[in-house]
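Chemist: The following file, input-v4.cif, comprises mmCIF, N, CA and C atoms:
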```cif
data_work
loop_
_atom_site.group_PDB
_atom_site.id
_atom_site.type_symbol
_atom_site.label_atom_id
_atom_site.label_comp_id
_atom_site.auth_asym_id
_atom_site.auth_seq_id
_atom_site.Cartn_x
_atom_site.Cartn_y
_atom_site.Cartn_z
ATOM 1 N N SER A 185 253.276 171.021 222.235
ATOM 2 C CA SER A 185 253.674 171.848 221.108
ATOM 3 C C SER A 185 253.179 171.213 219.809
ATOM 4 N N GLY A 186 253.031 172.016 218.819
ATOM 5 C CA GLY A 186 252.532 171.543 217.534
ATOM 6 C C GLY A 186 253.657 171.262 216.560
ATOM 7 N N THR A 187 253.273 171.022 215.324
ATOM 8 C CA THR A 187 254.264 170.726 214.295
ATOM 9 C C THR A 187 253.902 171.442 213.000
ATOM 10 N N ILE A 188 254.914 171.687 212.217
ATOM 11 C CA ILE A 188 254.735 172.191 210.854
ATOM 12 C C ILE A 188 255.568 171.283 209.971
ATOM 13 N N LYS A 189 254.934 170.729 208.946
ATOM 14 C CA LYS A 189 255.628 169.808 208.052
ATOM 15 C C LYS A 189 255.537 170.312 206.621
ATOM 16 N N ILE A 190 256.656 170.255 205.944
ATOM 17 C CA ILE A 190 256.688 170.597 204.526
ATOM 18 C C ILE A 190 256.166 169.380 203.777
ATOM 19 N N GLN A 191 255.150 169.588 202.965
ATOM 20 C CA GLN A 191 254.561 168.460 202.252
ATOM 21 C C GLN A 191 254.987 168.385 200.800
ATOM 22 N N ASN A 192 255.761 169.387 200.343
ATOM 23 C CA ASN A 192 256.112 169.442 198.932
ATOM 24 C C ASN A 192 257.349 170.320 198.793
ATOM 25 N N PRO A 193 258.267 170.006 197.918
ATOM 26 C CA PRO A 193 259.448 170.858 197.741
ATOM 27 C C PRO A 193 259.117 172.226 197.126
ATOM 28 N N ASN A 194 257.930 172.361 196.569
ATOM 29 C CA ASN A 194 257.505 173.630 195.986
ATOM 30 C C ASN A 194 257.193 174.615 197.113
ATOM 31 N N PRO A 195 257.933 175.732 197.210
ATOM 32 C CA PRO A 195 257.708 176.685 198.302
ATOM 33 C C PRO A 195 256.345 177.379 198.244
ATOM 34 N N LEU A 196 255.654 177.264 197.120
ATOM 35 C CA LEU A 196 254.334 177.877 197.015
ATOM 36 C C LEU A 196 253.219 176.968 197.548
ATOM 37 N N LYS A 197 253.545 175.726 197.853
ATOM 38 C CA LYS A 197 252.565 174.798 198.425
ATOM 39 C C LYS A 197 252.485 175.032 199.934
ATOM 40 N N ILE A 198 251.306 174.953 200.447
ATOM 41 C CA ILE A 198 251.096 175.198 201.878
ATOM 42 C C ILE A 198 251.663 174.047 202.703
ATOM 43 N N ALA A 199 252.326 174.389 203.782
ATOM 44 C CA ALA A 199 252.839 173.386 204.713
ATOM 45 C C ALA A 199 251.683 172.857 205.564
ATOM 46 N N LEU A 200 251.866 171.676 206.131
ATOM 47 C CA LEU A 200 250.862 171.101 207.026
ATOM 48 C C LEU A 200 251.148 171.573 208.439
ATOM 49 N N ALA A 201 250.197 172.232 209.054
ATOM 50 C CA ALA A 201 250.374 172.737 210.415
ATOM 51 C C ALA A 201 249.406 172.035 211.351
ATOM 52 N N ASP A 202 249.914 171.551 212.452
ATOM 53 C CA ASP A 202 249.099 170.960 213.510
ATOM 54 C C ASP A 202 249.482 171.660 214.804
ATOM 55 N N VAL A 203 248.599 172.520 215.295
ATOM 56 C CA VAL A 203 248.915 173.287 216.494
ATOM 57 C C VAL A 203 248.727 172.472 217.765
ATOM 58 N N ASN A 204 248.224 171.253 217.618
ATOM 59 C CA ASN A 204 248.102 170.306 218.722
ATOM 60 C C ASN A 204 247.204 170.844 219.839
ATOM 61 N N TYR A 205 246.081 171.424 219.429
ATOM 62 C CA TYR A 205 245.107 171.899 220.407
ATOM 63 C C TYR A 205 244.702 170.770 221.338
ATOM 64 N N LEU A 206 244.478 171.095 222.555
ATOM 65 C CA LEU A 206 243.985 170.180 223.585
ATOM 66 C C LEU A 206 244.979 169.091 223.971
ATOM 67 N N SER A 207 246.245 169.239 223.632
ATOM 68 C CA SER A 207 247.236 168.239 224.015
ATOM 69 C C SER A 207 247.531 168.294 225.514
ATOM 70 N N ASP A 208 247.322 169.436 226.109
ATOM 71 C CA ASP A 208 247.496 169.616 227.548
ATOM 72 C C ASP A 208 246.099 169.773 228.152
ATOM 73 N N PRO A 209 245.777 169.037 229.211
ATOM 74 C CA PRO A 209 244.443 169.149 229.818
ATOM 75 C C PRO A 209 244.067 170.587 230.187
ATOM 76 N N ALA A 210 245.041 171.419 230.476
ATOM 77 C CA ALA A 210 244.756 172.816 230.810
ATOM 78 C C ALA A 210 244.186 173.557 229.607
ATOM 79 N N ASP A 211 244.518 173.102 228.384
ATOM 80 C CA ASP A 211 243.979 173.724 227.171
ATOM 81 C C ASP A 211 242.457 173.636 227.157
ATOM 82 N N LEU A 212 241.934 172.454 227.458
ATOM 83 C CA LEU A 212 240.489 172.252 227.455
ATOM 84 C C LEU A 212 239.826 173.131 228.503
ATOM 85 N N GLU A 213 240.418 173.196 229.684
ATOM 86 C CA GLU A 213 239.844 174.030 230.747
ATOM 87 C C GLU A 213 239.853 175.501 230.348
ATOM 88 N N SER A 214 240.898 175.931 229.646
ATOM 89 C CA SER A 214 240.967 177.328 229.171
ATOM 90 C C SER A 214 239.880 177.607 228.143
ATOM 91 N N PHE A 215 239.672 176.672 227.224
ATOM 92 C CA PHE A 215 238.611 176.834 226.228
ATOM 93 C C PHE A 215 237.246 176.931 226.907
ATOM 94 N N LYS A 216 236.994 176.034 227.865
ATOM 95 C CA LYS A 216 235.698 176.045 228.548
ATOM 96 C C LYS A 216 235.486 177.347 229.306
ATOM 97 N N ALA A 217 236.516 177.810 230.003
ATOM 98 C CA ALA A 217 236.398 179.066 230.754
ATOM 99 C C ALA A 217 236.138 180.243 229.820
ATOM 100 N N ALA A 218 236.832 180.265 228.683
ATOM 101 C CA ALA A 218 236.644 181.364 227.723
ATOM 102 C C ALA A 218 235.234 181.360 227.146
ATOM 103 N N ILE A 219 234.751 180.183 226.760
ATOM 104 C CA ILE A 219 233.401 180.092 226.205
ATOM 105 C C ILE A 219 232.375 180.528 227.244
ATOM 106 N N ARG A 220 232.549 180.046 228.466
ATOM 107 C CA ARG A 220 231.589 180.421 229.518
ATOM 108 C C ARG A 220 231.596 181.921 229.770
ATOM 109 N N GLN A 221 232.771 182.501 229.829
ATOM 110 C CA GLN A 221 232.847 183.930 230.114
ATOM 111 C C GLN A 221 232.320 184.769 228.954
ATOM 112 N N VAL A 222 232.796 184.504 227.768
ATOM 113 C CA VAL A 222 232.456 185.352 226.622
ATOM 114 C C VAL A 222 231.047 185.068 226.100
ATOM 115 N N VAL A 223 230.752 183.826 225.797
ATOM 116 C CA VAL A 223 229.467 183.511 225.174
ATOM 117 C C VAL A 223 228.312 183.729 226.145
ATOM 118 N N LEU A 224 228.466 183.257 227.377
ATOM 119 C CA LEU A 224 227.374 183.490 228.333
ATOM 120 C C LEU A 224 227.260 184.969 228.687
ATOM 121 N N GLY A 225 228.377 185.666 228.732
ATOM 122 C CA GLY A 225 228.335 187.107 228.978
ATOM 123 C C GLY A 225 227.584 187.839 227.878
ATOM 124 N N LEU A 226 227.841 187.473 226.631
ATOM 125 C CA LEU A 226 227.113 188.083 225.512
ATOM 126 C C LEU A 226 225.636 187.708 225.555
ATOM 127 N N ASP A 227 225.358 186.456 225.867
ATOM 128 C CA ASP A 227 223.966 186.023 225.945
ATOM 129 C C ASP A 227 223.224 186.800 227.038
ATOM 130 N N ASP A 228 223.858 186.975 228.191
ATOM 131 C CA ASP A 228 223.244 187.758 229.277
ATOM 132 C C ASP A 228 223.007 189.202 228.840
ATOM 133 N N TYR A 229 223.984 189.775 228.139
ATOM 134 C CA TYR A 229 223.849 191.147 227.667
ATOM 135 C C TYR A 229 222.656 191.267 226.717
ATOM 136 N N PHE A 230 222.586 190.364 225.757
ATOM 137 C CA PHE A 230 221.497 190.438 224.781
ATOM 138 C C PHE A 230 220.142 190.162 225.416
ATOM 139 N N GLU A 231 220.108 189.298 226.417
ATOM 140 C CA GLU A 231 218.851 189.045 227.133
ATOM 141 C C GLU A 231 218.349 190.320 227.811
ATOM 142 N N ALA A 232 219.296 191.141 228.268
ATOM 143 C CA ALA A 232 218.950 192.351 229.012
ATOM 144 C C ALA A 232 218.645 193.548 228.101
ATOM 145 N N HIS A 233 218.917 193.430 226.831
ATOM 146 C CA HIS A 233 218.716 194.545 225.902
ATOM 147 C C HIS A 233 217.789 194.126 224.765
ATOM 148 N N GLU A 234 216.923 195.004 224.438
ATOM 149 C CA GLU A 234 215.968 194.730 223.367
ATOM 150 C C GLU A 234 216.662 194.811 222.007
ATOM 151 N N ALA A 235 216.361 193.876 221.155
ATOM 152 C CA ALA A 235 216.920 193.883 219.802
ATOM 153 C C ALA A 235 216.265 194.998 218.989
ATOM 154 N N PRO A 236 216.959 195.513 217.984
ATOM 155 C CA PRO A 236 216.350 196.531 217.127
ATOM 156 C C PRO A 236 215.054 195.998 216.504
ATOM 157 N N ALA A 237 214.180 196.898 216.179
ATOM 158 C CA ALA A 237 212.872 196.526 215.617
ATOM 159 C C ALA A 237 213.014 195.500 214.499
ATOM 160 N N GLY A 238 212.196 194.463 214.566
ATOM 161 C CA GLY A 238 212.190 193.447 213.535
ATOM 162 C C GLY A 238 213.271 192.390 213.694
ATOM 163 N N ASN A 239 214.046 192.469 214.764
ATOM 164 C CA ASN A 239 215.136 191.509 214.991
ATOM 165 C C ASN A 239 214.935 190.775 216.304
ATOM 166 N N HIS A 240 215.688 189.702 216.463
ATOM 167 C CA HIS A 240 215.618 188.913 217.690
ATOM 168 C C HIS A 240 217.004 188.389 218.008
ATOM 169 N N TRP A 241 217.428 188.524 219.258
ATOM 170 C CA TRP A 241 218.703 187.965 219.681
ATOM 171 C C TRP A 241 218.479 186.537 220.151
ATOM 172 N N SER A 242 219.346 185.630 219.788
ATOM 173 C CA SER A 242 219.306 184.287 220.368
ATOM 174 C C SER A 242 220.659 183.611 220.202
ATOM 175 N N LEU A 243 221.031 182.850 221.203
ATOM 176 C CA LEU A 243 222.270 182.097 221.176
ATOM 177 C C LEU A 243 222.042 180.847 220.342
ATOM 178 N N LEU A 244 222.868 180.640 219.328
ATOM 179 C CA LEU A 244 222.669 179.502 218.436
ATOM 180 C C LEU A 244 223.443 178.276 218.891
ATOM 181 N N THR A 245 224.748 178.363 218.881
ATOM 182 C CA THR A 245 225.536 177.195 219.266
ATOM 183 C C THR A 245 226.881 177.627 219.828
ATOM 184 N N PRO A 246 227.317 177.080 220.904
ATOM 185 C CA PRO A 246 226.616 176.100 221.712
ATOM 186 C C PRO A 246 225.506 176.770 222.508
ATOM 187 N N SER A 247 224.496 176.011 222.816
ATOM 188 C CA SER A 247 223.384 176.560 223.593
ATOM 189 C C SER A 247 223.821 176.773 225.040
ATOM 190 N N ARG A 248 223.057 177.563 225.761
ATOM 191 C CA ARG A 248 223.334 177.796 227.182
ATOM 192 C C ARG A 248 223.356 176.472 227.938
ATOM 193 N N GLU A 249 222.454 175.566 227.582
ATOM 194 C CA GLU A 249 222.397 174.268 228.260
ATOM 195 C C GLU A 249 223.691 173.480 228.042
ATOM 196 N N VAL A 250 224.221 173.524 226.829
ATOM 197 C CA VAL A 250 225.479 172.836 226.539
ATOM 198 C C VAL A 250 226.618 173.490 227.319
ATOM 199 N N ILE A 251 226.669 174.802 227.335
ATOM 200 C CA ILE A 251 227.738 175.513 228.023
ATOM 201 C C ILE A 251 227.721 175.224 229.522
ATOM 202 N N GLU A 252 226.550 175.113 230.080
ATOM 203 C CA GLU A 252 226.439 174.897 231.521
ATOM 204 C C GLU A 252 226.657 173.441 231.929
ATOM 205 N N ASP A 253 226.691 172.509 230.980
ATOM 206 C CA ASP A 253 226.938 171.098 231.269
ATOM 207 C C ASP A 253 228.387 170.784 230.887
ATOM 208 N N ASP A 254 229.225 170.468 231.872
ATOM 209 C CA ASP A 254 230.653 170.300 231.628
ATOM 210 C C ASP A 254 230.961 169.224 230.584
ATOM 211 N N GLU A 255 230.294 168.087 230.663
ATOM 212 C CA GLU A 255 230.551 167.012 229.703
ATOM 213 C C GLU A 255 230.106 167.399 228.296
ATOM 214 N N GLU A 256 228.953 168.035 228.182
ATOM 215 C CA GLU A 256 228.475 168.447 226.857
ATOM 216 C C GLU A 256 229.367 169.520 226.256
ATOM 217 N N LEU A 257 229.830 170.451 227.095
ATOM 218 C CA LEU A 257 230.713 171.498 226.592
ATOM 219 C C LEU A 257 232.040 170.896 226.129
ATOM 220 N N THR A 258 232.559 169.943 226.875
ATOM 221 C CA THR A 258 233.787 169.261 226.473
ATOM 222 C C THR A 258 233.602 168.602 225.109
ATOM 223 N N GLU A 259 232.498 167.899 224.919
ATOM 224 C CA GLU A 259 232.231 167.236 223.639
ATOM 225 C C GLU A 259 232.079 168.272 222.515
ATOM 226 N N PHE A 260 231.388 169.374 222.799
ATOM 227 C CA PHE A 260 231.236 170.434 221.794
ATOM 228 C C PHE A 260 232.605 170.943 221.356
ATOM 229 N N ILE A 261 233.465 171.240 222.316
ATOM 230 C CA ILE A 261 234.783 171.777 221.987
ATOM 231 C C ILE A 261 235.578 170.776 221.155
ATOM 232 N N LYS A 262 235.563 169.525 221.562
ATOM 233 C CA LYS A 262 236.346 168.506 220.849
ATOM 234 C C LYS A 262 235.867 168.285 219.416
ATOM 235 N N THR A 263 234.584 168.497 219.166
ATOM 236 C CA THR A 263 234.072 168.281 217.808
ATOM 237 C C THR A 263 234.032 169.559 216.979
ATOM 238 N N ALA A 264 233.988 170.712 217.617
ATOM 239 C CA ALA A 264 233.813 171.963 216.874
ATOM 240 C C ALA A 264 235.100 172.746 216.667
ATOM 241 N N ILE A 265 236.117 172.436 217.436
ATOM 242 C CA ILE A 265 237.345 173.229 217.349
ATOM 243 C C ILE A 265 238.005 173.042 215.983
ATOM 244 N N GLU A 266 238.494 174.140 215.459
ATOM 245 C CA GLU A 266 239.201 174.109 214.181
ATOM 246 C C GLU A 266 240.477 174.903 214.310
ATOM 247 N N GLN A 267 241.390 174.566 213.483
ATOM 248 C CA GLN A 267 242.644 175.264 213.442
ATOM 249 C C GLN A 267 242.470 176.588 212.720
ATOM 250 N N ALA A 268 242.988 177.643 213.290
ATOM 251 C CA ALA A 268 242.933 178.954 212.633
ATOM 252 C C ALA A 268 244.319 179.595 212.733
ATOM 253 N N HIS A 269 244.909 179.832 211.621
ATOM 254 C CA HIS A 269 246.226 180.478 211.602
ATOM 255 C C HIS A 269 246.379 181.231 210.293
ATOM 256 N N HIS A 270 247.336 182.093 210.273
ATOM 257 C CA HIS A 270 247.618 182.805 209.031
ATOM 258 C C HIS A 270 249.126 182.777 208.795
ATOM 259 N N TRP A 271 249.468 182.887 207.563
ATOM 260 C CA TRP A 271 250.872 182.859 207.194
ATOM 261 C C TRP A 271 251.401 184.278 207.152
ATOM 262 N N SER A 272 252.612 184.441 207.582
ATOM 263 C CA SER A 272 253.286 185.737 207.441
ATOM 264 C C SER A 272 254.729 185.456 207.080
ATOM 265 N N GLY A 273 255.330 186.428 206.498
ATOM 266 C CA GLY A 273 256.728 186.159 206.126
ATOM 267 C C GLY A 273 257.353 187.367 205.524
#
```
Can you present the structure in this file as structure tokens?

Modeler:
Amino acid sequence: SGTIKIQNPNPLKIALADVNYLSDPADLESFKAAIRQVVLGLDDYFEAHEAPAGNHWSLLTPSREVIEDDEELTEFIKTAIEQAHHWSG
């Protein structure tokens, strides 16, 4: 589980949120499975379809080679993952 910490008594200041990504080994496996399914699926789709005139489809990052190598994909996820959340109230 993650944490949310109040860093200032001013309610208009943003709290510090740490969602604790990858704290459970299953988290990493879920990320890898999602990237493989979605990104490689899109790459396969674009490979099979011609881009509109004057355009070119290509996978930028992570590359297919990185996705297909378990250790490289793990390193990519650990260095590229960012926290994404929004406030509601």

Chemist: Interatomic distance between atom N of Ala201 (chain A) and atom C of Glu259 (chain A)?

Modeler: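 Distance between the two atoms: 22.9 Å.
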
Chemist: Report as JSON the centre and the edge lengths, in Å to one decimal, of the axis-aligned box holding every listed atom of region 223-242 of chain A, padded by 4 Å on each side.

Modeler:
```
{"center_x": 221.5, "center_y": 190.1, "center_z": 221.4, "size_x": 26.6, "size_y": 21.6, "size_z": 23.7}
```

Chemist: What's around region 209-224 of chain A at 7 Å? Count only N, CA and C atoms, leave out sequence neighbours fewer than 4 positions away in its own chain, and write the answer as a compact mmCIF listing (two decimals) with N, CA and C atoms, in the coordinates of the input.

Modeler:
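Result file follows (part03.txt):
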```txt
# COMPACT_ATOMS: atom_id res chain seq x y z
N TYR A 205 246.08 171.42 219.43
CA TYR A 205 245.11 171.90 220.41
C TYR A 205 244.70 170.77 221.34
N ASP A 228 223.86 186.98 228.19
CA ASP A 228 223.24 187.76 229.28
C ASP A 228 223.01 189.20 228.84
N TYR A 229 223.98 189.78 228.14
CA TYR A 229 223.85 191.15 227.67
C TYR A 229 222.66 191.27 226.72
N ILE A 251 226.67 174.80 227.34
CA ILE A 251 227.74 175.51 228.02
C ILE A 251 227.72 175.22 229.52
N LEU A 257 229.83 170.45 227.10
CA LEU A 257 230.71 171.50 226.59
C LEU A 257 232.04 170.90 226.13
```

Chemist: Identify, on the basis of all atoms listed in the file, every residue whose closest approach to Ser185 (chain A) does not exceed 7 Å; exclude the query and any residue fewer than 4 positions from it along the same chain; express the result as a compact mmCIF listing (two decimals) with N, CA and C atoms, in the coordinates of the input.

Modeler:
```txt
# COMPACT_ATOMS: atom_id res chain seq x y z
N ASP A 202 249.91 171.55 212.45
CA ASP A 202 249.10 170.96 213.51
C ASP A 202 249.48 171.66 214.80
N VAL A 203 248.60 172.52 215.30
CA VAL A 203 248.92 173.29 216.49
C VAL A 203 248.73 172.47 217.76
N ASN A 204 248.22 171.25 217.62
CA ASN A 204 248.10 170.31 218.72
C ASN A 204 247.20 170.84 219.84
N SER A 207 246.24 169.24 223.63
CA SER A 207 247.24 168.24 224.02
C SER A 207 247.53 168.29 225.51
```

Chemist: Which of these, A:Pro195, A:Gly225, A:Gly238, A:Pro246, has the shortest distance to Ile265 (chain A) once you count only C-alpha atoms?

Modeler: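 Answer, going by the shortest atom-to-atom distance: A:Pro246.
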
Chemist: From chain A, collect each residue whose DSSP state is alpha helix (DSSP H) and return the set as a PyMOL selection string.

Modeler: chain A and resi 209-232+248-252+254-264

Chemist: Compare A:Ile198, A:Ile188, A:Lys262, A:Asp227 by their minimum atom-to-atom distance to Ser242 (chain A), counting only C-alpha atoms, and give me the closest one.

Modeler: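 Of A:Ile198, A:Ile188, A:Lys262, A:Asp227, the one nearest Ser242 (chain A) is A:Asp227, counting only C-alpha atoms.
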
Chemist: To test your reading of the structure, identify every residue in chain A that backbone DSSP assigns to strand (DSSP E), and report it as a ChimeraX atom specification.

Modeler: /A:187-189,200-202

Chemist: Can you pull out every residue within 7 Å of Ile190 (chain A), counting only N, CA and C atoms, but drop anything in the same chain fewer than 3 positions away, and send it as a list in words?

Modeler: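 So, after excluding close chain neighbours, the residues are Pro193, Ile198, Ala199 and Leu200 of chain A.
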
Chemist: Quick check, in Å to one decimal: how far apart do CA of Ala232 (chain A) and atom C of Glu249 (chain A) lie?

Modeler: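 Spanning CA of Ala232 (chain A) to atom C of Glu249 (chain A) is a straight-line distance of 19.5 Å.
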
Chemist: Using the atoms already present, construct N, CA, C and O atoms for region 206-232 of chain A and hand them back as a JSON list (two decimals), in the frame of the given file.

Modeler:
```
[["chain", "number", "residue", "atom", "x", "y", "z"],
["A", 206, "LEU", "N", 244.48, 171.10, 222.56],
["A", 206, "LEU", "CA", 243.98, 170.18, 223.58],
["A", 206, "LEU", "C", 244.98, 169.09, 223.97],
["A", 206, "LEU", "O", 244.60, 168.11, 224.61],
["A", 207, "SER", "N", 246.24, 169.24, 223.63],
["A", 207, "SER", "CA", 247.24, 168.24, 224.02],
["A", 207, "SER", "C", 247.53, 168.29, 225.51],
["A", 207, "SER", "O", 247.92, 167.30, 226.11],
["A", 208, "ASP", "N", 247.32, 169.44, 226.11],
["A", 208, "ASP", "CA", 247.50, 169.62, 227.55],
["A", 208, "ASP", "C", 246.10, 169.77, 228.15],
["A", 208, "ASP", "O", 245.29, 170.56, 227.65],
["A", 209, "PRO", "N", 245.78, 169.04, 229.21],
["A", 209, "PRO", "CA", 244.44, 169.15, 229.82],
["A", 209, "PRO", "C", 244.07, 170.59, 230.19],
["A", 209, "PRO", "O", 242.89, 170.94, 230.17],
["A", 210, "ALA", "N", 245.04, 171.42, 230.48],
["A", 210, "ALA", "CA", 244.76, 172.82, 230.81],
["A", 210, "ALA", "C", 244.19, 173.56, 229.61],
["A", 210, "ALA", "O", 243.45, 174.53, 229.77],
["A", 211, "ASP", "N", 244.52, 173.10, 228.38],
["A", 211, "ASP", "CA", 243.98, 173.72, 227.17],
["A", 211, "ASP", "C", 242.46, 173.64, 227.16],
["A", 211, "ASP", "O", 241.76, 174.61, 226.87],
["A", 212, "LEU", "N", 241.93, 172.45, 227.46],
["A", 212, "LEU", "CA", 240.49, 172.25, 227.46],
["A", 212, "LEU", "C", 239.83, 173.13, 228.50],
["A", 212, "LEU", "O", 238.80, 173.75, 228.24],
["A", 213, "GLU", "N", 240.42, 173.20, 229.68],
["A", 213, "GLU", "CA", 239.84, 174.03, 230.75],
["A", 213, "GLU", "C", 239.85, 175.50, 230.35],
["A", 213, "GLU", "O", 238.91, 176.24, 230.65],
["A", 214, "SER", "N", 240.90, 175.93, 229.65],
["A", 214, "SER", "CA", 240.97, 177.33, 229.17],
["A", 214, "SER", "C", 239.88, 177.61, 228.14],
["A", 214, "SER", "O", 239.24, 178.66, 228.18],
["A", 215, "PHE", "N", 239.67, 176.67, 227.22],
["A", 215, "PHE", "CA", 238.61, 176.83, 226.23],
["A", 215, "PHE", "C", 237.25, 176.93, 226.91],
["A", 215, "PHE", "O", 236.43, 177.78, 226.57],
["A", 216, "LYS", "N", 236.99, 176.03, 227.86],
["A", 216, "LYS", "CA", 235.70, 176.04, 228.55],
["A", 216, "LYS", "C", 235.49, 177.35, 229.31],
["A", 216, "LYS", "O", 234.41, 177.94, 229.23],
["A", 217, "ALA", "N", 236.52, 177.81, 230.00],
["A", 217, "ALA", "CA", 236.40, 179.07, 230.75],
["A", 217, "ALA", "C", 236.14, 180.24, 229.82],
["A", 217, "ALA", "O", 235.30, 181.11, 230.11],
["A", 218, "ALA", "N", 236.83, 180.26, 228.68],
["A", 218, "ALA", "CA", 236.64, 181.36, 227.72],
["A", 218, "ALA", "C", 235.23, 181.36, 227.15],
["A", 218, "ALA", "O", 234.59, 182.41, 227.05],
["A", 219, "ILE", "N", 234.75, 180.18, 226.76],
["A", 219, "ILE", "CA", 233.40, 180.09, 226.20],
["A", 219, "ILE", "C", 232.38, 180.53, 227.24],
["A", 219, "ILE", "O", 231.46, 181.29, 226.95],
["A", 220, "ARG", "N", 232.55, 180.05, 228.47],
["A", 220, "ARG", "CA", 231.59, 180.42, 229.52],
["A", 220, "ARG", "C", 231.60, 181.92, 229.77],
["A", 220, "ARG", "O", 230.54, 182.54, 229.90],
["A", 221, "GLN", "N", 232.77, 182.50, 229.83],
["A", 221, "GLN", "CA", 232.85, 183.93, 230.11],
["A", 221, "GLN", "C", 232.32, 184.77, 228.95],
["A", 221, "GLN", "O", 231.48, 185.64, 229.14],
["A", 222, "VAL", "N", 232.80, 184.50, 227.77],
["A", 222, "VAL", "CA", 232.46, 185.35, 226.62],
["A", 222, "VAL", "C", 231.05, 185.07, 226.10],
["A", 222, "VAL", "O", 230.23, 185.98, 225.97],
["A", 223, "VAL", "N", 230.75, 183.83, 225.80],
["A", 223, "VAL", "CA", 229.47, 183.51, 225.17],
["A", 223, "VAL", "C", 228.31, 183.73, 226.14],
["A", 223, "VAL", "O", 227.31, 184.35, 225.80],
["A", 224, "LEU", "N", 228.47, 183.26, 227.38],
["A", 224, "LEU", "CA", 227.37, 183.49, 228.33],
["A", 224, "LEU", "C", 227.26, 184.97, 228.69],
["A", 224, "LEU", "O", 226.16, 185.47, 228.88],
["A", 225, "GLY", "N", 228.38, 185.67, 228.73],
["A", 225, "GLY", "CA", 228.34, 187.11, 228.98],
["A", 225, "GLY", "C", 227.58, 187.84, 227.88],
["A", 225, "GLY", "O", 226.75, 188.72, 228.15],
["A", 226, "LEU", "N", 227.84, 187.47, 226.63],
["A", 226, "LEU", "CA", 227.11, 188.08, 225.51],
["A", 226, "LEU", "C", 225.64, 187.71, 225.56],
["A", 226, "LEU", "O", 224.77, 188.55, 225.31],
["A", 227, "ASP", "N", 225.36, 186.46, 225.87],
["A", 227, "ASP", "CA", 223.97, 186.02, 225.94],
["A", 227, "ASP", "C", 223.22, 186.80, 227.04],
["A", 227, "ASP", "O", 222.10, 187.26, 226.83],
["A", 228, "ASP", "N", 223.86, 186.98, 228.19],
["A", 228, "ASP", "CA", 223.24, 187.76, 229.28],
["A", 228, "ASP", "C", 223.01, 189.20, 228.84],
["A", 228, "ASP", "O", 221.96, 189.79, 229.11],
["A", 229, "TYR", "N", 223.98, 189.78, 228.14],
["A", 229, "TYR", "CA", 223.85, 191.15, 227.67],
["A", 229, "TYR", "C", 222.66, 191.27, 226.72],
["A", 229, "TYR", "O", 221.82, 192.16, 226.85],
["A", 230, "PHE", "N", 222.59, 190.36, 225.76],
["A", 230, "PHE", "CA", 221.50, 190.44, 224.78],
["A", 230, "PHE", "C", 220.14, 190.16, 225.42],
["A", 230, "PHE", "O", 219.13, 190.74, 225.00],
["A", 231, "GLU", "N", 220.11, 189.30, 226.42],
["A", 231, "GLU", "CA", 218.85, 189.04, 227.13],
["A", 231, "GLU", "C", 218.35, 190.32, 227.81],
["A", 231, "GLU", "O", 217.16, 190.54, 227.92],
["A", 232, "ALA", "N", 219.30, 191.14, 228.27],
["A", 232, "ALA", "CA", 218.95, 192.35, 229.01],
["A", 232, "ALA", "C", 218.64, 193.55, 228.10],
["A", 232, "ALA", "O", 218.18, 194.58, 228.58]]
```
